[in-house]
Amino acid sequence: MKPLFRYFLIIIFSGSFSPLCSQYIFNVKHTYSETSHHIYHAEYTSDGKYIITTGSDNNIIIWNANSGIIYRTLAGLKKRPNIAHLSADSKILVSAGEDNNLTIWDPVTLKITATFTGHQGPVKSLDISPDGKYMASGSTDHTIRIWDINSGNLVYELKGHKKEVTSLQFSPDGKKLISGSADQNIILWDVINGSVITTREAHKGWIRCVRFSQDGKIIGSCGDDKLIKIWNVPELNSLSTLKGHQDWVQSIDFTPDGKNMISGGHDQVIILWSVHSGEILHKSEKQGQIVLSVDINPVRPDFISASLLSEELKTWALSGLDQAWSITGSNTQITVLPEEKEAEKNINQEIDEAQEEVETTNLYPLIEIYSPSFTGNSTICNQPEILIIGRISDPEGVNAFLINNTPARLSEAGVFQQNMSLIKGNNKIELVAINQKGIMKKKSLVVECTSDNAGSVHPITPDIQNGKYYALIIGINEYQDEGILDLERPIADADSLYNVLVSHYSFEKENIIFLKNPVLDQIILSLDELGRKLTTNDNLLIFYAGHGHWDDKGEIGYWLPSDAEMYSTVKWFRNSTLRDFIGSIQTRHTILIADACFSGAIFKTRAAFTQPSPGIERLYELPSRKAMTSGILQQVPDESVFIKYLVKRLEENQEKYLPSEVLFSSFKTAVMNNSSNVPQFGTIQNVGDEGGDFIFVTR
């Protein structure tokens with residue numbers, strides 16, 4: 001009945017359109033959002049693997065387009081970047097914006113490597129030539145500048161527009177540049193000699209966006225006159241006009257074959273067009289705000305959109321168009337970020353073992369590999385280790401996932417990231433997923449390692465011995481105010497954690513402060529003492545079990561010390577105060593474990609996995625400020641399932657080094673299966689986390 005129901009819905013939906021248009025549909029596939037990052041501009045990288053966004057928080061974010069996980073966040077600009085672009089070889093990322101400058105970033109180290117100055121006003125448009133040698137920038141100062149990326153020299157200053165340059169783009173062959181301006185004109189430039197090829201008055205009002213088709217034969221432009229116009233190259237004669245928007249058109253993009261176009265604008269709708277006929281093929285519902293940016297995936301029928309004053313990045317699936325969007329035969333170059341170590345050549349021979357898979361009648365569990373690229377389930381790696389990134393999905397839910405017979409961690413979205421050590425020659429990697437109904441799917445991969453260092457590289461043991469492990473453990477059963485109910489379990493739970501830390505891990509008794517039923521002053525004085533004592537070589541665990549409270553009106557979370565009063569917050573301990581202490585205590589790593597009602601309020605986080613998980617050495621080297629909590633904004637029971645499984649996993653652990661994220665993943669499902677709570681793990685934002693993790697070290 002389920003498939004029939006879906007078919008019935010499609011028939012009813014299609015009936016509201018003409019027979020010609022009903023075959024063209026786009027629907028939202030995923031919506032990703034970011035705290036304090038109102039997206040101003042969004043675009044795909046040249047191969048569709050990543051999405052680059054600029055935002056109101058002055059940051060630039062690189063997203064994995066498949067999973068929606070943040071790969072990198074580039075911070076440090078004092079003013080908002082209007083646009084950002086990653087080079088085809090992924091070696092540099094360029095941003096430009098309200099500071100009048102062009103900023104060059106290393107997308108791996110996240111550092112600014114160069115700044116190009118010269119514009120006398122904010123930079124509104126930016127592009128990198130297909131060969132990666134030149135940049136073009138357009139500004140409110142009415143000029144376009146062509147820059148040599150390697151030398152940093154200004155090649156040309158192009159003067160032809162009378163008002164600010166709002167949009168520009170290199171042609172696919174890099175020999176031409178199209179620009180649009182608030183002066184109503186578009187100009188086609190010769191990049192080789194810096195001269196004007198053709199100028200055309202294109203719109204009545206500002207021109208908001210100009211784009212080349214992928215073959216470079218036509219150009220699209222849009223503007224404040226609510227129109228989209230199609231022009232030939234190089235004459236810039238008008239070929240067609242697309243009418244349908246009810247307000248000015250902000251952003252346009254061609255499909256790779258040049259036959260269709262997506263547009264978004266101030267009327268808050270997104271439209272799919274036939275370029276040659278000018279016909280509207282499909283129109284979205286209103287998005288609730290001005291559509292600032294639309295961009296089509298260069299390799300599959302998807303597109304993204306971003307709207308004004310919104311943190312949401314939407315990925316849409318297109319139906320009814322030519323599905324054969326492929327890198328093959330196009331000018332698209334593969335984006336390879338250095339840390340992903342993707343193979344640069346294909347294996348020429350088949351390896352039979354790599355093609356073994358357990359056949360099932362069902363598609364699920366579905367095992368997808370995002371990185372590296374495999375051909376016939378095989379790839380080549382010239383490094384002694386490889387990072388495998390992928391996703392496991394199943395409508396029934398995933399019960400277990402193993403890599404080479406070892407349980408592996410999945411994120412909330414089912415994404416896994418696993419570093420694998422390699423030996424020289426063929427390495428077999430077997431992925432097994434089992435869903436909640438017991439159906440198993442197996443995928444066998446082979447990695448041919450060509451590195452001379454493979455097999456001789458020994459695991460590097462992190463230098464943890466220089467730092468000490470401290471803990472502040474708080475358990476509150478009894479409350480002085482009769483209006484606050486006493487609890488039975490917190491001190492016993494705190495005691496069980498204390499015992500496992502001193503018996504199994506590198507925590508000495510003299511370095512643990514155990515507070516039983518403390519008042520507010522005792523908690524603050526203990527944190528003050530730790531702030532004076534601890535160094536950047538030390539590690540701190542903070543545990544709290546007791547009452548918690550969430551103030552909906554003020555959006556403030558609290559812990560309730562023993563002397564808390566029911567009708568006054570004077571002696572309540574704010575989460576913001578706790579975050580301030582965590583930020584000021586100069587440890588290498590701090591982990592907060594909270595088992596209290598509304599404990600999830602501590603998080604103000606972007607994403608659980610902002611980048612691939614590094615090895616133990618790197619995790620320990622990078623400072624971290626992490627937290628795991630027994631729930632989100634919800635009540636938790638006095639008898640804690642969270643603490644039961646946390647302590648149980650710590651006791652059962654046989655690994656020498658146990659990252660807190662791995663610990664959390666090992667018991668999260670057990671907590672959810674045995675309680676109504678959803679435990680949380682993530683980064684405490686803006687207190688010094690640099691991507692590392694708290695490492696539990698066994699004795």
# chains A, B, ... in the order shown; residues from 1 in each chain; ligands from 1
$ closest_atom_pairs --of "range 426-513 of chain A" --to "range 528-549 of chain A" --cutoff "12 Å" --atoms "only C-alpha atoms" --output "CSV"
residue,atom,partner,partner_atom,distance
A:Asp463,CA,A:Asn537,CA,10.1
A:Ile464,CA,A:Asn537,CA,8.4
A:Gln465,CA,A:Asn537,CA,9.2
A:Asn466,CA,A:Asn537,CA,6.5
A:Gly467,CA,A:Asp538,CA,4.4
A:Lys468,CA,A:Asp538,CA,4.9
A:Tyr469,CA,A:Asn539,CA,4.9
A:Tyr470,CA,A:Leu540,CA,4.8
A:Ala471,CA,A:Leu541,CA,4.5
A:Leu472,CA,A:Ile542,CA,4.8
A:Ile473,CA,A:Phe543,CA,4.7
A:Ile474,CA,A:Tyr544,CA,4.8
A:Gly475,CA,A:Ala545,CA,4.9
A:Ile476,CA,A:Gly546,CA,4.9
A:Asn477,CA,A:Gly546,CA,6.7
A:Glu478,CA,A:Gly546,CA,9.1
A:Tyr479,CA,A:His547,CA,9.5
A:Ile484,CA,A:His547,CA,8.8
A:Leu485,CA,A:His547,CA,8.9
A:Asp486,CA,A:His547,CA,8.9
A:Leu487,CA,A:Gly546,CA,7.5
A:Glu488,CA,A:Gly546,CA,9.6
A:Arg489,CA,A:Ala545,CA,8.5
A:Pro490,CA,A:Ala545,CA,5.0
A:Ile491,CA,A:Ala545,CA,7.4
A:Ala492,CA,A:Ala545,CA,9.6
A:Asp493,CA,A:Ala545,CA,7.6
A:Ala494,CA,A:Ala545,CA,6.9
A:Asp495,CA,A:Ala545,CA,10.6
A:Ser496,CA,A:Phe543,CA,11.7
A:Leu497,CA,A:Phe543,CA,8.8
A:Tyr498,CA,A:Phe543,CA,9.6
A:Leu501,CA,A:Leu541,CA,10.1
A:Ser506,CA,A:Asn539,CA,10.4
A:Phe507,CA,A:Leu541,CA,9.8
A:Asn511,CA,A:Leu540,CA,9.7
A:Ile512,CA,A:Leu541,CA,9.2
A:Ile513,CA,A:Leu530,CA,9.4
$ residues_around --residues "range 446-453 of chain A" --least-positions-apart "4" --cutoff "6 Å" --atoms "only C-alpha atoms" --output "ChimeraX atom specification"
/A:354,378-384,424-428
$ atom_distance --atom1 "CA of Gly216 in chain A" --atom2 "CA of Asp183 in chain A"
24.1 Å
$ closest_residue --among "A:Met420, A:Ile389, A:Leu154, A:Ile128" --to "Tyr370 in chain A" --atoms "only C-alpha atoms"
A:Ile389
$ closest_residue --among "A:Leu663, A:Leu387, A:Ile149, A:Ile684" --to "Ile582 in chain A" --atoms "only C-alpha atoms"
A:Ile684
$ closest_residue --among "A:Pro301, A:Gly682, A:Pro395, A:Gly55" --to "Arg625 in chain A" --atoms "only C-alpha atoms"
A:Gly682
$ residues_around --residues "range 225-227 of chain A" --least-positions-apart "6" --cutoff "7 Å" --atoms "only C-alpha atoms" --output "ChimeraX atom specification"
/A:203-205,241-243,245-249
$ write_last_selection --atoms "C-alpha atoms" --output "compact mmCIF listing (two decimals), in the first residue's frame"
# COMPACT_ATOMS: atom_id res chain seq x y z
CA HIS A 203 18.43 45.63 -17.94
CA LYS A 204 16.44 48.55 -16.60
CA GLY A 205 17.97 48.80 -13.17
CA THR A 241 13.96 36.89 -22.35
CA LEU A 242 12.64 34.84 -19.43
CA LYS A 243 9.61 36.42 -17.73
CA HIS A 245 9.49 36.58 -11.46
CA GLN A 246 7.37 39.17 -9.67
CA ASP A 247 10.32 41.12 -8.23
CA TRP A 248 13.97 41.57 -9.04
CA VAL A 249 16.00 38.45 -9.83
$ residues_around --residues "range 56-69 of chain A" --least-positions-apart "6" --cutoff "7 Å" --atoms "only C-alpha atoms" --output "NGL selection string"
:A and (32 or 36-40 or 48-50 or 75 or 77-81 or 609-610)
$ write_last_selection --atoms "C-alpha atoms" --output "mmCIF file, in the first residue's frame"
data_model
loop_
_atom_site.group_PDB
_atom_site.id
_atom_site.type_symbol
_atom_site.label_atom_id
_atom_site.label_comp_id
_atom_site.auth_asym_id
_atom_site.auth_seq_id
_atom_site.Cartn_x
_atom_site.Cartn_y
_atom_site.Cartn_z
ATOM 1 C CA TYR A 32 21.504 22.224 6.925
ATOM 2 C CA SER A 36 25.034 32.633 13.901
ATOM 3 C CA HIS A 37 25.902 31.951 10.253
ATOM 4 C CA HIS A 38 23.214 33.676 8.194
ATOM 5 C CA ILE A 39 24.274 32.558 4.737
ATOM 6 C CA TYR A 40 25.031 35.356 2.330
ATOM 7 C CA GLY A 48 30.232 19.209 -6.652
ATOM 8 C CA LYS A 49 31.968 17.545 -3.699
ATOM 9 C CA TYR A 50 31.912 20.597 -1.449
ATOM 10 C CA ALA A 75 37.503 32.382 10.784
ATOM 11 C CA LEU A 77 37.984 38.210 9.153
ATOM 12 C CA LYS A 78 36.784 41.365 10.871
ATOM 13 C CA LYS A 79 34.199 42.176 8.225
ATOM 14 C CA ARG A 80 31.789 40.004 6.295
ATOM 15 C CA PRO A 81 33.042 38.195 3.187
ATOM 16 C CA PHE A 609 31.848 16.361 13.186
ATOM 17 C CA THR A 610 33.422 19.428 11.629
#
$ closest_residue --among "A:Leu366, A:Leu74, A:Leu410, A:Met566" --to "Gly483 in chain A" --atoms "only C-alpha atoms"
A:Met566
$ atom_distance --atom1 "CA of Glu235 in chain A" --atom2 "CA of Ile262 in chain A"
24.0 Å
$ residues_around --residues "Lys286 in chain A" --least-positions-apart "3" --cutoff "12 Å" --atoms "only C-alpha atoms" --output "MDAnalysis selection string"
chainID A and resid 245:246 264:271 283 289:291 307
$ atom_distance --atom1 "CA of Gly320 in chain A" --atom2 "CA of Val294 in chain A"
18.7 Å
$ closest_residue --among "A:Gly455, A:Gly118, A:Gly174, A:Gly160" --to "Ser195 in chain A" --atoms "only C-alpha atoms"
A:Gly160
